[in-house]
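Shown next, in structure tokens, is the structure this report addresses.
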Amino acid sequence: MAERIHTTDTTCPYCGVGCGVSVNGAGDSVTGMANHPANQGRLCVKGASLHETLDHHNRLLYPEVDGAVVDWDSALDEVTHRLRDTVAEYGPDSVACYGSGQLLTEDYYVANKLMKGFVGSAHMDTNSRLCMASAVAGYKRAFGGDSVPGCYEDLDSAELLVLVGSNAAWTHPVLYQRMVAAKKARPDTRVVVIDPRRTATCDLADLHLPLRPGADGLLFNGLLAWLGRHGHLDRDYIRDHTRGFEDALARAEADSGSLASLAQRCDLPEEDIETFFNWFAGRPRTVTFYSQGINQSATGTDKCNTIINCHLATGRVGKTGASPFSITGQPNAMGGREVGGLANQLAAHMDFAPEDVDRVKRFWNAANMVSEPGLKAVELFQAVASGRIKFIWILSTNPVVSLPEADRVRDALRRCPTVVVSECMADTDTVRLADIKLPARTWGEKNGTVTNSERCISRQRPFLEAPGEARSDWWALAQVGRRLGYAEAFDWRHPAQVFAEHAALSGFENDGRRAFDISGLATLDQAGYDALAPVRWPVNRQWPQGRRRLFGDGRFTTDDGRARFVAVTARLPEGEPRPGEMIMNTGRIRDQWHTMTRTGKARRLLQHIGEPFVALHPEDARRHRIGDGQLASVENRHGAIVMRARVTADQRPGELFVPMHWSSPFSARARMGALVQATTDPLSGQPESKVSRVRVAPCAVRWQGFLITRERRGDPRCFYWSYSPLPRGHLFELAGRDDPDRARRRLAALISGPGDADDLHWLDMQDPYIGHFRQAAVRDGRLMGALFIHPKGDLPGRDWLIEMLQRNALEDTERRALLSGEAPDGAAESGPVVCACFQVGEPAIRARIEAGDRSVEALGKSLRCGTNCGSCIPELKHILAG
């Protein structure tokens, strides 16, 4: 690994909280920045594990063209040649670019300028379309621009926190712990969680509303109508600062009906709805904190506006402790929105109005400025499938896993004449389909800025030399722009110059109608850029130090300065499930991120949940004859996946939950995107990812097992496998439908590489009659691998064998115990890890409970669990209660 330099303050590359992190000079420790406004020193386990993902294993290190390693000049010449030829033959409409909230703002800016100003294609979209496009559309309809009005400090002072479609305890743990601290400081604060599932976030809730999937808009329409009927409106605010209230109220009243009718349609107890409504009415400092459960819907924009309507009706926008707050999923989803990362946007929060097109064209001196919006993500890849798109450049994302109907996306890219992929990892589902691979820098190597969910711009500072020939994405994009003949427009030598241009554009002919304005940063030189402290936009003459909240004065960025109510008739998801069908919900788990390309490298991030799973209610498990821990298939007309069943009453009957993370390098068949239908919101283009109709069934297998090995020599060829990294090796969980003995011979070959067979000493225990096999391979006194297979899955734990894999030499007693899979001294397995931060397993926790630690605080004192990021506290409470 490259030598690291002094301690560096930078940012975390994961969720939209945008935490500041400090990396020590040795690069083996990451801590939260105490003075960063986003996290104030806190970090979740993903952030605290960042240094564990910095090795160069599986990195894409050199450019490749059609499978051959080439130098950068050759690769960029080939990209330019194919791009130019495609435009010449089919026109600019045949070219597309697909980016990511993992890109830095500078990368995003150059990509948009290249595509929309000089290639002449508006087909530049981003995976942020999958997570926050509905929130963008909702804000723009209501406020006149894509502007989050509140800030994280509002969580500290709110009297009521309403979390809608957000499992913040797992997806935004630092902010969740801020909520926990706020409620502890002010016990009268009320917390309402609105989510069909009972998630870890419900641990904080005074009231959980497990509503019917997709009924959120109906519930908030009911709230608006109830506020009107009971005299809880801020009539002065409505009169002075808004338009459209009467239409919105009339529509909400007609839509929601009586409280009893609303309760029936939402599938909630009437008294619980009334409690929520009363709390909302009586607590002026209200933050409604909403995320993917709202946005990822065919009616996501309308749902966002029903929430905003309730805040406008009570004057709760941009005030201390009071705002509708959309929390983004990715670290730079907001930065991408600032530079026009969505196909229906231009840079600097401008749209495709003729005056905006002209303004951007003049600022860029653009040769081929687009004038109409491009294709949004789902329709963009449908255009690849139909042959309309002939050339696509994919940057820092994995659409073959994350997009709806992912199998069709995979097939579309296979047929596309030119697929260029810029990526830091050598093996992802999408990289496997690339004609041209461009090695990108990753966290620790990237230099630029990101903007988090509260509009805070932070510096992403590098502290590592990039390995191989990895380069910045903005640089590669700019090089293609120069090769196309636009050297002057792409003549940057440092990301500070890109940022300065971006900042200047934000203030160009900005009369205050665009809230996004960071023109106060346009004169930063490289030293000033390097020293830039976190700051919330706008940053301009009026707000030289930035601004915490927007719209607190009641003035919005609409034509007349008034906010708009949006009249909404809520629509439930179309059609009821057919007999035998269930509703599949998707989302994140606590310790993983997106498609695991980076977090999947850290062993401790797979110790809490190490296999893909499908969660279902006990009633459904009985009906479908699926046992807890059994393999189950989930399928529909779009695809099929196989996962481990988790039976839990946290699910509503008739509904499933499947995590989004597992991709082909980590499991045989767990890409949940294959099952999500490509139904989208007509305004935002965001797909409906929370309500997919599926069928579930038990999977019959002839054997189950696991494989532990020092080297990863390919993937197991069996019906089911999932993969986890080990400190000095690899772990596969296995199951098959073939003959166990034949499977044993095939899988044992993954332990011994070419030429190794003569050097290995095999320990063997077999019962071919029942299909029970145990094998271990030893070389020079070290364990090289172990394979255990049993027809009923009767297998020992993995912990001791994993520990033996780390040993440089085995004791005789340990060697003799290998085939038992258990420590010779009878030491117990550490069991499932509950606290990933401090590696505390469930058996240790239960032992301390039996010894008298009967509270989370007591367990924290004795074992340290729950004392860092706090994500495990709900699970600790569950164990204590059980």
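Chain labels follow the order of the structure tokens: the first chain is A, the next B, and so on; residue numbering restarts at 1 in every chain, and ligands are counted from 1 in their shown order.
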Can you list, as a list of chain:residue names, every protein, DNA or RNA residue that comes within 7 Å of Ser256 in chain A when you count only C-alpha atoms, leaving out same-chain residues fewer than 4 positions away?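 What passes the distance filter is A:Leu218, A:Asn221, A:Gly222, A:Ala252, A:Leu262.
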Determine which residues of range 412-618 of chain A DSSP labels as helix (DSSP H, G or I) from the backbone of this structure, then write them out as a ChimeraX atom specification. /A:412-415,431-433,473-483,495-507,519-521,526-530,599-601,603-606,618
Name the residues in contact with Ile307 in chain A at a cut-off of 12 Å, using only C-alpha atoms, excluding same-chain residues fewer than 5 positions from it; report them as a VMD selection string. chain A and resid 135 138 to 139 142 162 to 164 216 to 224 248 252 280 286 to 291 294 to 295 300 to 302 312 to 314 316 to 317 323 to 326 565 to 568 570
As JSON, numbers by chain, please: the residues near Met582 in chain A (cut-off 10 Å, only C-alpha atoms, same-chain neighbours under 2 positions excluded). {"A": [576, 577, 578, 579, 580, 584, 585, 616, 620, 634, 653, 654, 655, 656, 691, 692, 693, 694, 695, 696]}
Output file for the selection above: C-alpha atoms, as a PDB file, in the first residue's frame:
```
ATOM      1  CA  GLU A 576     -54.165  -5.805  -5.363  1.00  0.00           C
ATOM      2  CA  PRO A 577     -51.780  -8.777  -5.308  1.00  0.00           C
ATOM      3  CA  ARG A 578     -53.170 -11.817  -7.071  1.00  0.00           C
ATOM      4  CA  PRO A 579     -53.727 -15.012  -5.076  1.00  0.00           C
ATOM      5  CA  GLY A 580     -50.359 -16.348  -3.987  1.00  0.00           C
ATOM      6  CA  MET A 584     -41.776  -7.006  -1.862  1.00  0.00           C
ATOM      7  CA  ASN A 585     -40.170  -3.982  -0.209  1.00  0.00           C
ATOM      8  CA  LEU A 616     -41.349 -12.486   6.050  1.00  0.00           C
ATOM      9  CA  ASP A 620     -46.637 -16.145   5.635  1.00  0.00           C
ATOM     10  CA  VAL A 634     -38.549 -14.926  -4.611  1.00  0.00           C
ATOM     11  CA  PRO A 653     -48.443 -10.147   6.787  1.00  0.00           C
ATOM     12  CA  GLY A 654     -48.451 -10.437   3.023  1.00  0.00           C
ATOM     13  CA  GLU A 655     -45.235  -8.431   2.634  1.00  0.00           C
ATOM     14  CA  LEU A 656     -41.549  -9.243   2.215  1.00  0.00           C
ATOM     15  CA  VAL A 691     -44.061  -2.338  -4.023  1.00  0.00           C
ATOM     16  CA  SER A 692     -43.133  -5.243  -6.305  1.00  0.00           C
ATOM     17  CA  ARG A 693     -45.493  -8.187  -6.660  1.00  0.00           C
ATOM     18  CA  VAL A 694     -43.681 -11.481  -6.171  1.00  0.00           C
ATOM     19  CA  ARG A 695     -44.166 -15.105  -5.249  1.00  0.00           C
ATOM     20  CA  VAL A 696     -42.145 -16.831  -2.548  1.00  0.00           C
TER      21      VAL A 696
END
```
Could you name the residues that touch Glu811 in chain A at 12 Å or less, counting only C-alpha atoms, but leaving out those on the same chain fewer than 2 positions away, as a PDB file with C-alpha atoms, in the first residue's frame?
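Ended up saving to around-v2.pdb:
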```
ATOM      1  CA  GLY A 781       1.661 -26.582   9.441  1.00  0.00           C
ATOM      2  CA  ARG A 782      -0.856 -23.952   8.266  1.00  0.00           C
ATOM      3  CA  LEU A 783      -4.528 -24.393   7.478  1.00  0.00           C
ATOM      4  CA  MET A 804      -7.173 -21.133  12.584  1.00  0.00           C
ATOM      5  CA  ARG A 807      -2.467 -18.892  12.323  1.00  0.00           C
ATOM      6  CA  ASN A 808       1.017 -19.316  10.914  1.00  0.00           C
ATOM      7  CA  ALA A 809       1.293 -22.700  12.636  1.00  0.00           C
ATOM      8  CA  THR A 813      -4.447 -30.495  19.223  1.00  0.00           C
ATOM      9  CA  GLU A 814      -5.749 -27.845  16.862  1.00  0.00           C
ATOM     10  CA  ARG A 815      -4.778 -29.861  13.825  1.00  0.00           C
ATOM     11  CA  ARG A 816      -6.576 -32.933  15.181  1.00  0.00           C
ATOM     12  CA  ALA A 817      -9.680 -30.826  15.911  1.00  0.00           C
ATOM     13  CA  LEU A 818      -9.991 -29.326  12.429  1.00  0.00           C
ATOM     14  CA  ALA A 823     -11.945 -25.567  19.484  1.00  0.00           C
ATOM     15  CA  PRO A 824     -10.251 -28.474  21.315  1.00  0.00           C
TER      16      PRO A 824
END
```
Using only C-alpha atoms, which of the listed residues (A:Glu338, A:His761, A:Lys390, A:Glu253) sits closest to Ala88 in chain A? A:Lys390
Using only C-alpha atoms, find each residue in range 387-441 of chain A having at least one atom no more than 10 Å away from range 371-381 of chain A; report its shortest atom-to-atom pair and that distance in Å (one decimal), rows by chain then rising number, as a tab-separated table.
```
residue	atom	partner	partner_atom	distance
A:Gly387	CA	A:Phe381	CA	9.7
A:Arg388	CA	A:Leu380	CA	9.2
A:Ile389	CA	A:Leu380	CA	7.9
A:Ile392	CA	A:Phe381	CA	9.4
A:Pro399	CA	A:Phe381	CA	9.2
A:Leu403	CA	A:Val378	CA	7.3
A:Pro404	CA	A:Val378	CA	7.4
A:Glu405	CA	A:Val378	CA	9.3
A:Ala406	CA	A:Phe381	CA	9.9
A:Arg408	CA	A:Phe381	CA	8.8
A:Val409	CA	A:Phe381	CA	6.4
A:Arg410	CA	A:Phe381	CA	9.6
A:Ala412	CA	A:Phe381	CA	7.3
A:Leu413	CA	A:Phe381	CA	8.4
```
Counting only C-alpha atoms, which residue out of A:Arg864, A:Arg742, A:Arg637, A:Arg59 sits closest to Ala674 in chain A? A:Arg637
What's the 9 Å shell around Cys12 in chain A, counting only C-alpha atoms, without same-chain residues fewer than 2 positions away, as a list in words? Thr10, Tyr14, Cys15, Val17, Gly18, Cys19, Gly20, Val21, Lys46, Gly47, Leu50, Pro331, Trp443 and Gln460 of chain A
Same residues, N, CA and C atoms, saved as an mmCIF file, in the first residue's frame:
```cif
data_model
loop_
_atom_site.group_PDB
_atom_site.id
_atom_site.type_symbol
_atom_site.label_atom_id
_atom_site.label_comp_id
_atom_site.auth_asym_id
_atom_site.auth_seq_id
_atom_site.Cartn_x
_atom_site.Cartn_y
_atom_site.Cartn_z
ATOM 1 N N THR A 10 -11.191 14.953 5.807
ATOM 2 C CA THR A 10 -11.887 14.721 4.547
ATOM 3 C C THR A 10 -13.336 14.343 4.872
ATOM 4 N N TYR A 14 -20.066 7.651 2.053
ATOM 5 C CA TYR A 14 -21.281 6.858 2.049
ATOM 6 C C TYR A 14 -22.543 7.718 2.107
ATOM 7 N N CYS A 15 -23.333 7.684 3.145
ATOM 8 C CA CYS A 15 -24.697 8.225 3.073
ATOM 9 C C CYS A 15 -24.729 9.746 2.990
ATOM 10 N N VAL A 17 -25.594 12.000 5.002
ATOM 11 C CA VAL A 17 -25.299 12.824 6.176
ATOM 12 C C VAL A 17 -24.082 13.698 5.895
ATOM 13 N N GLY A 18 -23.090 13.157 5.198
ATOM 14 C CA GLY A 18 -21.920 13.939 4.828
ATOM 15 C C GLY A 18 -20.959 14.166 5.968
ATOM 16 N N CYS A 19 -20.667 13.134 6.729
ATOM 17 C CA CYS A 19 -19.817 13.276 7.911
ATOM 18 C C CYS A 19 -18.396 13.669 7.527
ATOM 19 N N GLY A 20 -17.793 14.515 8.366
ATOM 20 C CA GLY A 20 -16.382 14.793 8.248
ATOM 21 C C GLY A 20 -15.585 13.740 8.985
ATOM 22 N N VAL A 21 -14.479 13.297 8.389
ATOM 23 C CA VAL A 21 -13.634 12.287 9.022
ATOM 24 C C VAL A 21 -12.180 12.755 9.002
ATOM 25 N N LYS A 46 -19.816 2.060 9.352
ATOM 26 C CA LYS A 46 -19.307 2.101 7.977
ATOM 27 C C LYS A 46 -18.200 3.153 7.865
ATOM 28 N N GLY A 47 -18.448 4.326 8.428
ATOM 29 C CA GLY A 47 -17.430 5.360 8.396
ATOM 30 C C GLY A 47 -16.191 4.985 9.180
ATOM 31 N N LEU A 50 -13.699 2.707 7.237
ATOM 32 C CA LEU A 50 -13.223 3.125 5.921
ATOM 33 C C LEU A 50 -11.803 2.652 5.632
ATOM 34 N N PRO A 331 -23.640 10.425 -0.710
ATOM 35 C CA PRO A 331 -22.869 11.535 -0.151
ATOM 36 C C PRO A 331 -22.912 12.793 -1.002
ATOM 37 N N TRP A 443 -12.176 6.613 -2.733
ATOM 38 C CA TRP A 443 -12.028 7.370 -1.495
ATOM 39 C C TRP A 443 -10.591 7.252 -0.976
ATOM 40 N N GLN A 460 -13.457 16.969 -0.051
ATOM 41 C CA GLN A 460 -12.961 15.593 -0.074
ATOM 42 C C GLN A 460 -11.477 15.683 -0.389
#
```
Long-range neighbours of Leu606 in chain A as a PyMOL selection string, 9 Å cut-off, only C-alpha atoms, 5 positions minimum in chain: chain A and resi 591-592+599-601+611+724-725+836
Please, which residues of range 61-206 of chain A, numbered as in this document, come out strand (DSSP E) from DSSP, as a ChimeraX atom specification? /A:64-65,68-69,95-99,124-126,160-164,190-194
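Between CA of Arg588 in chain A and CA of Thr171 in chain A there is a distance of 6.7 Å.
Ranking A:Arg671, A:Arg598, A:Arg854, A:Arg337 by their shortest atom-to-atom distance to Ser147 in chain A, with only C-alpha atoms included, puts A:Arg337 first.
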Residue with smallest distance to Arg702 in chain A - pool A:Leu104, A:Leu763, A:Leu631, A:Met643, counting only C-alpha atoms: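 Of A:Leu104, A:Leu763, A:Leu631, A:Met643, the one nearest Arg702 in chain A is A:Leu631, counting only C-alpha atoms.
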Among listed residues A:Trp474, A:Phe516, A:Phe551, A:Phe657, nearest Val539 in chain A (using only C-alpha atoms): A:Phe516
re CA of Asp85 in chain A and CA of Leu484 in chain A: distance 11.2 Å
I'd like the interatomic distance between CA of Val370 in chain A and CA of Gln345 in chain A, to a tenth of an Å.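 Distance reported for this atom pair: 10.9 Å.
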For Arg129 in chain A, which of A:Leu114, A:Ala527, A:Leu342, A:Met33 is the closest residue, counting only C-alpha atoms?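 Checking each candidate against Arg129 in chain A, we get A:Leu342 as the closest.
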